Number of protein chains: 2
Amino acid sequence: MPGLRERKKQELRHELSRVGIDQFIARGFATTTVDDIVAPLGASKRTFFRYFETKEDVVFAWYDELTRELVDTLRARPKHEPPYEAVCATLMSLLRLYDADHTRAIALLRLTRETPALVGKSFEKRAIWERELSAVLVSRLAKSATRQLRAEVIVATALAAFTHAVDGWAVDEGATDLHLLVGKAFAFAKAL
Amino acid sequence: MPGLRERKKQELRHELSRVGIDQFIARGFATTTVDDIVAPLGASKRTFFRYFETKEDVVFAWYDELTRELVDTLRARPKHEPPYEAVCATLMSLLRLYDADHTRAIALLRLTRETPALVGKSFEKRAIWERELSAVLVSRLAKSATRQLRAEVIVATALAAFTHAVDGWAVDEGATDLHLLVGKAFAFAKAL
DNA sequence: CATGAATATGGCACCAAGTGCCATTTGTCA
DNA sequence: TGACAAATGGCACTTGGTGCCATATTCATG
């Protein structure tokens, strides 16, 4: 059991992220100041920066947790499964997040797409996924001087296909079927 | 002929980038201020921000020119060449930049790898390449509802393979053969 | 070559992100 | 309850980045 102090911290972090994202979506990223985020919660700017390194990070507060989850999912894939397929299946598990709340997901994707600072940050986060996942994947590959590189290429490819599918889906406001689109993107990469 | 005004502008932009990168490599990105970059050239901070939107951008001053070049190269590839191969060949043409000055190339890659803000920016720039190149590539593909997505996936995959090869090469200080490594990375993506 | 219109620059004031420092508050545990 | 650890808030400060306007430089035209 986590104790009061820890619970309060987690809750504040969560609230800061929620309020921040809401304001960014409603009024834009640049025009929302840290003070604007902090005020409704009665916290101080100084405290904000103890929870998040940058203003951008509030948008990606959930990434760390998700990273661990992805790593676990990939680890749990059947040992005999081909590497690319294992990564694809792992990423597919992310789709439930988009299914849960289409509207907010699309709004968030638009926000990160249209705010240069957030575009950079999201790529930064994706790079972390690439590193973590390829570190797991490498153990599935036959030993060779270039298996590290091979793992990185496999993961990066799957991730690129995934994000392009999701972005395309968000651009036309979720009109198409996301699962289908992601599946197609994975297939396109497989059949270069 | 460009006229004195235009020449001065281009030269100043080039000098700002050169001085900036030199200082970043020598003393680190965060610890170098814009004033530090501007002082040796007798320019003002205000002028700096008329040439570059952010401090990060000085590192990627050459990207715009390179983007045009890449687009032209891809356009010039033989019409019958398969799409993935056309993109790979296009990216291969970039390697001359690394060949020209190994030491500086490696230093630059290390700088961007180890500075979070620059990691984000470099991905942002890569995204621009992805957009431009896939816009060219799409005309080579058979018409279909998803050919835009297919073009994006092809380009993103080639680009991911390319950068991971280059990064791997830079990490062990250029010990291996870069052309060979990039070729292998392209092959890995092809044979997922 | 002169002169006036365009354009680039510099300086200044200003805002917001982010940090170091320290006093104060709040949770923890004996 | 009281002492210790940890979280917070306030404040001053640095730096990235922008708006504004006066000045300097280039360009085009007579």
# chains A, B, ... in the order shown; residues from 1 in each chain; ligands from 1

call {"tool": "residues_around", "arguments": {"residues": "DG10 of chain D", "least_positions_apart": "5", "cutoff": "10 Å", "atoms": "only C-alpha atoms (C1' of nucleotides)", "output": "number ranges by chain"}}
result
A: 44, 46; C: 22-23

call {"tool": "write_last_selection", "arguments": {"atoms": "N, CA and C atoms (P, O5', C5', C4', C3', O3' and C1' of nucleotides)", "output": "short mmCIF file (atom, residue, chain, number, x, y, z; two decimals), in the first residue's frame"}}
result
data_model
loop_
_atom_site.label_atom_id
_atom_site.label_comp_id
_atom_site.auth_asym_id
_atom_site.auth_seq_id
_atom_site.Cartn_x
_atom_site.Cartn_y
_atom_site.Cartn_z
N SER A 44 2.15 25.62 -7.19
CA SER A 44 3.04 26.69 -7.61
C SER A 44 3.85 26.26 -8.84
N ARG A 46 6.95 26.46 -9.24
CA ARG A 46 8.13 25.72 -8.80
C ARG A 46 7.84 24.23 -8.63
P DC C 22 21.24 28.61 0.48
"O5'" DC C 22 19.96 28.89 1.39
"C5'" DC C 22 19.28 30.13 1.24
"C4'" DC C 22 17.87 30.03 1.79
"C3'" DC C 22 17.76 29.24 3.12
"O3'" DC C 22 16.93 29.98 3.99
"C1'" DC C 22 16.19 28.44 1.57
P DA C 23 17.02 29.71 5.57
"O5'" DA C 23 15.57 30.11 6.07
"C5'" DA C 23 14.91 31.22 5.45
"C4'" DA C 23 13.42 30.93 5.32
"C3'" DA C 23 12.78 30.36 6.60
"O3'" DA C 23 11.52 30.99 6.81
"C1'" DA C 23 12.41 28.88 4.79
#

call {"tool": "residues_around", "arguments": {"residues": "Gln23 of chain A", "least_positions_apart": "2", "cutoff": "12 Å", "atoms": "only C-alpha atoms (C1' of nucleotides)", "output": "MDAnalysis selection string"}}
result
chainID A and resid 16:21 25:40 58:59 107:108 111

call {"tool": "residues_around", "arguments": {"residues": "DA5 of chain D", "least_positions_apart": "3", "cutoff": "12 Å", "atoms": "only C-alpha atoms (C1' of nucleotides)", "output": "PyMOL selection string"}}
result
(chain A and resi 5) or (chain C and resi 26-29)

call {"tool": "closest_residue", "arguments": {"among": "D:DA6, D:DA24, D:DT1, D:DG16", "to": "chain B", "atoms": "only C-alpha atoms (C1' of nucleotides)"}}
result
D:DG16

call {"tool": "residues_around", "arguments": {"residues": "Ala158 of chain A", "least_positions_apart": "6", "cutoff": "7 Å", "atoms": "only C-alpha atoms (C1' of nucleotides)", "output": "PDB file with C-alpha atoms, in the first residue's frame"}}
result
ATOM      1  CA  VAL A  87       6.656  -6.218 -32.530  1.00  0.00           C
ATOM      2  CA  CYS A  88       3.549  -5.637 -34.639  1.00  0.00           C
ATOM      3  CA  PHE A 186       2.334  -3.309 -41.262  1.00  0.00           C
TER       4      PHE A 186
END

call {"tool": "closest_residue", "arguments": {"among": "A:Gly183, A:Gly174, A:Gly3, A:Pro83", "to": "chain C", "atoms": "only C-alpha atoms (C1' of nucleotides)"}}
result
A:Gly3

call {"tool": "interface_residues", "arguments": {"of": "chain A", "to": "chain D", "cutoff": "12 Å", "atoms": "only C-alpha atoms (C1' of nucleotides)", "output": "list of chain:residue names"}}
result
A:Arg5, A:Glu6, A:Lys8, A:Lys9, A:Leu12, A:Gly42, A:Ala43, A:Ser44, A:Lys45, A:Arg46, A:Thr47, A:Phe48, A:Phe49, A:Arg50, A:Tyr51

call {"tool": "residues_around", "arguments": {"residues": "segment 175-180 of chain B", "least_positions_apart": "5", "cutoff": "8 Å", "atoms": "only C-alpha atoms (C1' of nucleotides)", "output": "list in words"}}
result
Met92, Leu95, Ala165, Val166 and Trp169 of chain B

call {"tool": "interface_residues", "arguments": {"of": "chain C", "to": "chain B", "cutoff": "12 Å", "atoms": "only C-alpha atoms (C1' of nucleotides)", "output": "list of chain:residue names"}}
result
C:DA6, C:DT7, C:DA8, C:DT9, C:DG10, C:DG11, C:DC12
